[in-house]
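Note sheet for the following structure.
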Amino acid sequence: MTTNSHRPKDPFPISIAPMMEWTDRHYRVFMRRITEKTLLYTEMVTTSAILRGDRKRFLDFDPIEKPLILQLGGDNPEDLAECSKIAEDFGYDGVNLNVGCPSDRVRDGHFGACLMAKPDLVRSCTEAMKSAVSIPVSVKHRIGINGLESYENLKNFIQVVSQSGIRDFTIHARIAVLGGLSPAQNRTIPPLRYEDVFQIKKEFPSLRIEINGGIRDLDIAGSLLEKVDAVMIGRAAYEIPYLFAGVDERFYFHSRPCPSRKEVMISMIPYLEEHISKGGKIHHVLRHTMGLFHGLPGGKYYRRKLTETMYSEFPSVKFLLDSAMEKVD
Ligand SMILES: Cc1cc2nc3c(=O)[nH]c(=O)nc-3n(C[C@H](O)[C@H](O)[C@H](O)COP(=O)(O)O)c2cc1C
């Protein structure tokens with residue numbers, strides 16, 4: 001029996017956070033070798049990219065990546081509704097509105113974390129999204145932003161937004177400091193306030209509350225699940241992907257022997273070969289696997305060898321991987 005033997009009630013107790021440049025299609029396909037059940041998110045895609053850009057490039061995915069949620073960036077209810085419908089037609093399992101990103105670029109577009117100051121607008125956005133689709137609509141947000149940092153502001157935000165009828169909230173348990181800190185600093189400097197998230201769950205028991213921020217360990221995730229419905233893991237899922245090897249069995253009660261790290265990479269060979277045959281570069285995929293042998297003898301060698309070889313000519317994918325994995329058991 002594991003230390004967290006209680007059975008989570010939520011169908012998706014653990015998810016991997018949306019992360020720009022990181023949780024792209026290749027990363028998601030790679031992670032599916034390690035966990036079949038964890039709920040995955042895309043990177044944030046803006047409504048203008050979908051409505052005016054190369055839609056297929058932004059939205060296509062392999063069915064193996066499911067369950068998969070598309071995260072949208074935008075602040076126009078009609079555009080968000082249209083993009084939600086498009087997402088539903090593409091086969092996504094849900095759409096999520098980004099109200100947490102603090103970057104200047106996103107702020108200039110008036111969306112992301114600055115929407116924490118406009119709960120009425122977020123309600124209009126989620127209302128429009130919800131009425132356009134039958135898949136779940138959710139919001140990922142911060143506990144506040146500079147100037148609106150109190151628990152009462154957070155509670156008001158959730159109260160107003162939930163009037164749209166949405167019930168799924170992912171809360172990154174830090175404020176975002178807009179205009180003062182970089183996105184990376186905004187993930188480390190403002191202190192984590194898990195208690196605020198627990199209190200929200202207590203005050204809004206019918207809402208689905210997912211906690212996010214600073215979770216790097218499955219025991220901690222398990223204990224957080226006693227207080228909230230779900231746990232979202234970001235950076236640790238990228239830096240230590242094999243952390244997820246135990247997730248299906250422990251949190252989804254899905255028993256499947258997880259392949260070893262080496263088997264994971266060997267199972268990626270056909271995918272890598274196909275990617276290359278379509279004109280793709282091997283480093284597009286392999287860069288996401290750098291952390292696979294994290295903390296193990298030979299792990300540093302794997303990273304170094306991949307970095308040296310994946311940008312140059314190599315005789316075959318198998319040769320490249322075999323030589324990078326030479327020093328791992
Ligand atoms: C490289 C990177 C890119 C990110 N991109 C997004 C994004 O597109 N949308 C979003 O809501 N959050 C984004 N985030 C924030 C994460 O989703 C998450 O909220 C944050 O990293 C805190 O979780 P963690 O402490 O488990 O990493 C990003 C984080 C990182 C590290």
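Letters for chains follow the order of the structure tokens (A, B, ...), residue numbers begin at 1 for each chain, and ligand numbers begin at 1 in the order shown.
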Please, which residues in chain A fall within 9 Å of ligand 1 when counting only C-alpha atoms and all ligand atoms, and what is the closest atom pair and distance in Å to one decimal for each, ordered by chain then residue number, as a tab-separated table?
residue	atom	partner	partner_atom_place_in_ligand_line	distance
A:Ile16	CA	ligand 1	17 (O)	8.0
A:Ala17	CA	ligand 1	17 (O)	4.3
A:Pro18	CA	ligand 1	17 (O)	4.6
A:Met19	CA	ligand 1	5 (N)	3.2
A:Met20	CA	ligand 1	5 (N)	3.9
A:Glu21	CA	ligand 1	1 (C)	6.3
A:Trp22	CA	ligand 1	1 (C)	5.9
A:Thr23	CA	ligand 1	3 (C)	8.1
A:Tyr41	CA	ligand 1	9 (N)	8.9
A:Thr42	CA	ligand 1	8 (O)	7.7
A:Glu43	CA	ligand 1	8 (O)	4.6
A:Met44	CA	ligand 1	8 (O)	4.0
A:Val45	CA	ligand 1	8 (O)	7.6
A:Gln71	CA	ligand 1	9 (N)	7.0
A:Leu72	CA	ligand 1	9 (N)	8.5
A:Gly73	CA	ligand 1	9 (N)	8.3
A:Asn96	CA	ligand 1	11 (O)	8.7
A:Leu97	CA	ligand 1	11 (O)	8.0
A:Asn98	CA	ligand 1	11 (O)	5.1
A:Val99	CA	ligand 1	11 (O)	7.0
A:Gly100	CA	ligand 1	11 (O)	5.4
A:Cys101	CA	ligand 1	10 (C)	5.6
A:Pro102	CA	ligand 1	12 (N)	8.9
A:Gly112	CA	ligand 1	11 (O)	7.9
A:Ala113	CA	ligand 1	11 (O)	9.0
A:Val139	CA	ligand 1	11 (O)	9.0
A:Lys140	CA	ligand 1	11 (O)	6.0
A:His141	CA	ligand 1	11 (O)	7.3
A:Arg142	CA	ligand 1	19 (O)	8.3
A:Thr170	CA	ligand 1	19 (O)	8.8
A:Ile171	CA	ligand 1	19 (O)	8.1
A:His172	CA	ligand 1	19 (O)	5.5
A:Ala173	CA	ligand 1	22 (C)	8.3
A:Arg174	CA	ligand 1	22 (C)	8.6
A:Pro183	CA	ligand 1	29 (C)	7.9
A:Ala184	CA	ligand 1	31 (C)	6.9
A:Asn186	CA	ligand 1	20 (C)	8.9
A:Arg187	CA	ligand 1	22 (C)	5.9
A:Thr188	CA	ligand 1	25 (O)	7.9
A:Asn212	CA	ligand 1	23 (O)	5.3
A:Gly213	CA	ligand 1	25 (O)	3.6
A:Gly214	CA	ligand 1	25 (O)	3.5
A:Ile215	CA	ligand 1	26 (O)	5.2
A:Arg216	CA	ligand 1	26 (O)	6.8
A:Met232	CA	ligand 1	26 (O)	6.6
A:Ile233	CA	ligand 1	26 (O)	4.1
A:Gly234	CA	ligand 1	26 (O)	3.4
A:Arg235	CA	ligand 1	27 (O)	3.7
A:Ala236	CA	ligand 1	26 (O)	6.1
A:Ala237	CA	ligand 1	26 (O)	7.6
A:Tyr238	CA	ligand 1	31 (C)	8.5
Which neighbours of A:Tyr27 fall inside 9 Å, counting only C-alpha atoms, when residues of the same chain fewer than 5 positions from it are skipped, and could you give them as a ChimeraX atom specification? /A:22,32,238,285-289
Take the residues from that selection and put them in a file with C-alpha atoms, as a PDB file, in the first residue's frame.
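For reference, result-v3.pdb as written:
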ATOM      1  CA  TRP A  22       7.752  22.971 -23.515  1.00  0.00           C
ATOM      2  CA  ARG A  32       2.430   9.342 -22.989  1.00  0.00           C
ATOM      3  CA  TYR A 238       9.489  18.694 -17.625  1.00  0.00           C
ATOM      4  CA  VAL A 285      11.715  15.958 -30.086  1.00  0.00           C
ATOM      5  CA  LEU A 286      14.847  14.969 -28.190  1.00  0.00           C
ATOM      6  CA  ARG A 287      15.223  18.302 -26.390  1.00  0.00           C
ATOM      7  CA  HIS A 288      12.188  17.291 -24.317  1.00  0.00           C
ATOM      8  CA  THR A 289      13.849  14.091 -23.139  1.00  0.00           C
TER       9      THR A 289
END
Which of stretch 78-190 of chain A end up as alpha helix (DSSP H) when DSSP is run on this backbone - answer as a ChimeraX atom specification? /A:78-90,104-108,119-132,151-162
Next, the residues of the selection above should be written as a CSV table (one decimal), in the first residue's frame with N, CA and C atoms.
chain,number,residue,atom,x,y,z
A,78,GLU,N,-16.4,36.7,-28.1
A,78,GLU,CA,-16.8,36.0,-29.4
A,78,GLU,C,-15.6,35.2,-30.0
A,79,ASP,N,-14.4,35.8,-30.0
A,79,ASP,CA,-13.3,35.0,-30.5
A,79,ASP,C,-13.0,33.8,-29.7
A,80,LEU,N,-13.2,33.9,-28.4
A,80,LEU,CA,-12.9,32.7,-27.5
A,80,LEU,C,-14.0,31.7,-27.7
A,81,ALA,N,-15.2,32.1,-28.0
A,81,ALA,CA,-16.3,31.1,-28.2
A,81,ALA,C,-16.0,30.4,-29.6
A,82,GLU,N,-15.6,31.2,-30.6
A,82,GLU,CA,-15.3,30.6,-31.9
A,82,GLU,C,-14.2,29.6,-31.8
A,83,CYS,N,-13.1,30.0,-31.0
A,83,CYS,CA,-12.0,29.1,-30.9
A,83,CYS,C,-12.3,27.8,-30.1
A,84,SER,N,-13.2,28.0,-29.1
A,84,SER,CA,-13.6,26.8,-28.3
A,84,SER,C,-14.3,25.8,-29.2
A,85,LYS,N,-15.2,26.3,-30.1
A,85,LYS,CA,-15.9,25.5,-31.0
A,85,LYS,C,-14.9,24.7,-31.9
A,86,ILE,N,-13.9,25.5,-32.4
A,86,ILE,CA,-12.9,24.9,-33.3
A,86,ILE,C,-12.2,23.8,-32.5
A,87,ALA,N,-11.9,24.1,-31.2
A,87,ALA,CA,-11.2,23.1,-30.4
A,87,ALA,C,-12.0,21.8,-30.2
A,88,GLU,N,-13.3,22.0,-30.0
A,88,GLU,CA,-14.2,20.9,-29.9
A,88,GLU,C,-14.2,20.1,-31.2
A,89,ASP,N,-14.2,20.7,-32.3
A,89,ASP,CA,-14.3,20.0,-33.6
A,89,ASP,C,-12.9,19.3,-33.8
A,90,PHE,N,-11.8,19.8,-33.3
A,90,PHE,CA,-10.5,19.2,-33.5
A,90,PHE,C,-10.5,17.9,-32.6
A,104,ASP,N,5.0,40.4,-20.5
A,104,ASP,CA,4.6,41.8,-21.0
A,104,ASP,C,3.9,41.7,-22.3
A,105,ARG,N,4.3,40.7,-23.2
A,105,ARG,CA,3.7,40.5,-24.5
A,105,ARG,C,2.2,40.2,-24.3
A,106,VAL,N,1.9,39.3,-23.4
A,106,VAL,CA,0.5,38.9,-23.1
A,106,VAL,C,-0.3,40.1,-22.5
A,107,ARG,N,0.4,40.8,-21.6
A,107,ARG,CA,-0.2,41.9,-20.9
A,107,ARG,C,-0.6,43.0,-22.0
A,108,ASP,N,0.3,43.2,-22.9
A,108,ASP,CA,0.0,44.2,-24.0
A,108,ASP,C,-1.2,43.8,-24.8
A,119,PRO,N,-12.8,40.5,-13.4
A,119,PRO,CA,-13.7,39.3,-13.3
A,119,PRO,C,-14.9,39.3,-14.1
A,120,ASP,N,-15.5,40.5,-14.3
A,120,ASP,CA,-16.7,40.6,-15.1
A,120,ASP,C,-16.4,40.2,-16.6
A,121,LEU,N,-15.3,40.6,-17.1
A,121,LEU,CA,-14.9,40.3,-18.5
A,121,LEU,C,-14.6,38.8,-18.6
A,122,VAL,N,-13.9,38.2,-17.6
A,122,VAL,CA,-13.7,36.8,-17.6
A,122,VAL,C,-15.0,36.0,-17.5
A,123,ARG,N,-15.9,36.5,-16.8
A,123,ARG,CA,-17.2,35.8,-16.7
A,123,ARG,C,-17.9,35.8,-18.1
A,124,SER,N,-17.8,37.0,-18.8
A,124,SER,CA,-18.4,37.1,-20.2
A,124,SER,C,-17.7,36.1,-21.1
A,125,CYS,N,-16.3,36.0,-20.9
A,125,CYS,CA,-15.6,35.1,-21.8
A,125,CYS,C,-16.0,33.7,-21.6
A,126,THR,N,-16.0,33.3,-20.3
A,126,THR,CA,-16.3,31.9,-20.0
A,126,THR,C,-17.8,31.5,-20.4
A,127,GLU,N,-18.6,32.5,-20.2
A,127,GLU,CA,-20.0,32.3,-20.6
A,127,GLU,C,-20.1,32.0,-22.1
A,128,ALA,N,-19.4,32.9,-22.8
A,128,ALA,CA,-19.5,32.7,-24.3
A,128,ALA,C,-18.9,31.4,-24.7
A,129,MET,N,-17.8,31.0,-24.0
A,129,MET,CA,-17.1,29.7,-24.4
A,129,MET,C,-18.0,28.6,-24.1
A,130,LYS,N,-18.6,28.6,-22.9
A,130,LYS,CA,-19.5,27.5,-22.4
A,130,LYS,C,-20.7,27.3,-23.3
A,131,SER,N,-21.2,28.5,-23.8
A,131,SER,CA,-22.4,28.3,-24.6
A,131,SER,C,-22.1,27.8,-26.0
A,132,ALA,N,-20.8,27.9,-26.4
A,132,ALA,CA,-20.4,27.5,-27.7
A,132,ALA,C,-20.1,26.0,-27.8
A,151,TYR,N,-7.0,37.7,-0.1
A,151,TYR,CA,-7.9,36.5,-0.3
A,151,TYR,C,-9.2,36.9,-0.8
A,152,GLU,N,-9.7,38.1,-0.2
A,152,GLU,CA,-11.1,38.5,-0.6
A,152,GLU,C,-11.1,38.8,-2.1
A,153,ASN,N,-10.1,39.4,-2.7
A,153,ASN,CA,-10.0,39.6,-4.1
A,153,ASN,C,-10.1,38.3,-4.9
A,154,LEU,N,-9.4,37.3,-4.4
A,154,LEU,CA,-9.4,36.0,-5.1
A,154,LEU,C,-10.9,35.4,-5.0
A,155,LYS,N,-11.4,35.5,-3.8
A,155,LYS,CA,-12.8,34.9,-3.6
A,155,LYS,C,-13.8,35.6,-4.5
A,156,ASN,N,-13.6,36.9,-4.6
A,156,ASN,CA,-14.6,37.7,-5.5
A,156,ASN,C,-14.4,37.3,-6.9
A,157,PHE,N,-13.1,37.1,-7.4
A,157,PHE,CA,-12.9,36.6,-8.7
A,157,PHE,C,-13.6,35.3,-9.0
A,158,ILE,N,-13.5,34.4,-8.1
A,158,ILE,CA,-14.1,33.0,-8.3
A,158,ILE,C,-15.6,33.1,-8.3
A,159,GLN,N,-16.1,33.9,-7.3
A,159,GLN,CA,-17.5,34.1,-7.2
A,159,GLN,C,-18.1,34.6,-8.5
A,160,VAL,N,-17.5,35.7,-9.0
A,160,VAL,CA,-18.0,36.3,-10.3
A,160,VAL,C,-17.9,35.3,-11.5
A,161,VAL,N,-16.7,34.8,-11.6
A,161,VAL,CA,-16.5,33.9,-12.8
A,161,VAL,C,-17.3,32.7,-12.8
A,162,SER,N,-17.6,32.1,-11.6
A,162,SER,CA,-18.4,30.9,-11.5
A,162,SER,C,-19.8,31.2,-11.9
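Atom CA of A:His254 to atom CA of A:Glu36 spans 8.9 Å [interatomic distance, one decimal].
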Based on DSSP run over this structure's backbone, return all residues of stretch 143-316 of chain A in strand (DSSP E), as a PyMOL selection string. chain A and resi 143-145+168-176+208-212+230-233
Shell around A:Val197 at 9 Å using only C-alpha atoms, local window under 5 positions removed, as a PyMOL selection string: chain A and resi 143+171-173+202+209-211+227-228
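Straight-line separation from atom CA of A:Ser134 to atom CA of A:Asp93: 9.7 Å.
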Excluding A:Pro297 and residues on its chain fewer than 6 positions from it, collect all residues at most 10 Å away from it, counting only C-alpha atoms, and give them as a list of chain:residue names. A:Lys327, A:Val328, A:Asp329
Deliver the residues from the most recent selection as a file, using N, CA and C atoms, as a short mmCIF file (atom, residue, chain, number, x, y, z; two decimals), in the first residue's frame.
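Output below, filename selection-v4.cif:
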data_model
loop_
_atom_site.label_atom_id
_atom_site.label_comp_id
_atom_site.auth_asym_id
_atom_site.auth_seq_id
_atom_site.Cartn_x
_atom_site.Cartn_y
_atom_site.Cartn_z
N LYS A 327 25.91 5.01 -20.93
CA LYS A 327 26.34 4.92 -19.52
C LYS A 327 25.20 4.83 -18.53
N VAL A 328 23.97 4.61 -19.03
CA VAL A 328 22.88 4.43 -18.07
C VAL A 328 22.49 2.95 -18.04
N ASP A 329 22.02 2.49 -16.89
CA ASP A 329 21.68 1.06 -16.76
C ASP A 329 20.42 0.72 -17.52
#
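Proximity to A:Ala245 was assessed for A:Val231, A:Met31, A:Leu272, A:Ile14 counting only C-alpha atoms; the smallest distance is recorded for A:Met31.
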If you count only C-alpha atoms, which residues fall within 7 Å of stretch 311-321 of chain A, apart from same-chain ones fewer than 4 positions away, as an mmCIF file with C-alpha atoms, in the first residue's frame?
data_model
loop_
_atom_site.group_PDB
_atom_site.id
_atom_site.type_symbol
_atom_site.label_atom_id
_atom_site.label_comp_id
_atom_site.auth_asym_id
_atom_site.auth_seq_id
_atom_site.Cartn_x
_atom_site.Cartn_y
_atom_site.Cartn_z
ATOM 1 C CA ILE A 269 12.461 5.454 -32.309
ATOM 2 C CA GLU A 273 12.124 8.296 -37.657
ATOM 3 C CA HIS A 283 16.245 17.943 -31.696
ATOM 4 C CA MET A 325 22.365 5.930 -23.281
#
Mind running stretch 126-207 of chain A against stretch 55-70 of chain A at 10 Å and telling me each contacting residue's nearest atom pair with the distance in Å (one decimal), counting only C-alpha atoms, chain and number ascending, as CSV?
residue,atom,partner,partner_atom,distance
A:Ile135,CA,A:Ile69,CA,9.7
A:Pro136,CA,A:Ile69,CA,9.1
A:Val137,CA,A:Ile69,CA,9.3
A:Ser138,CA,A:Ile69,CA,9.4
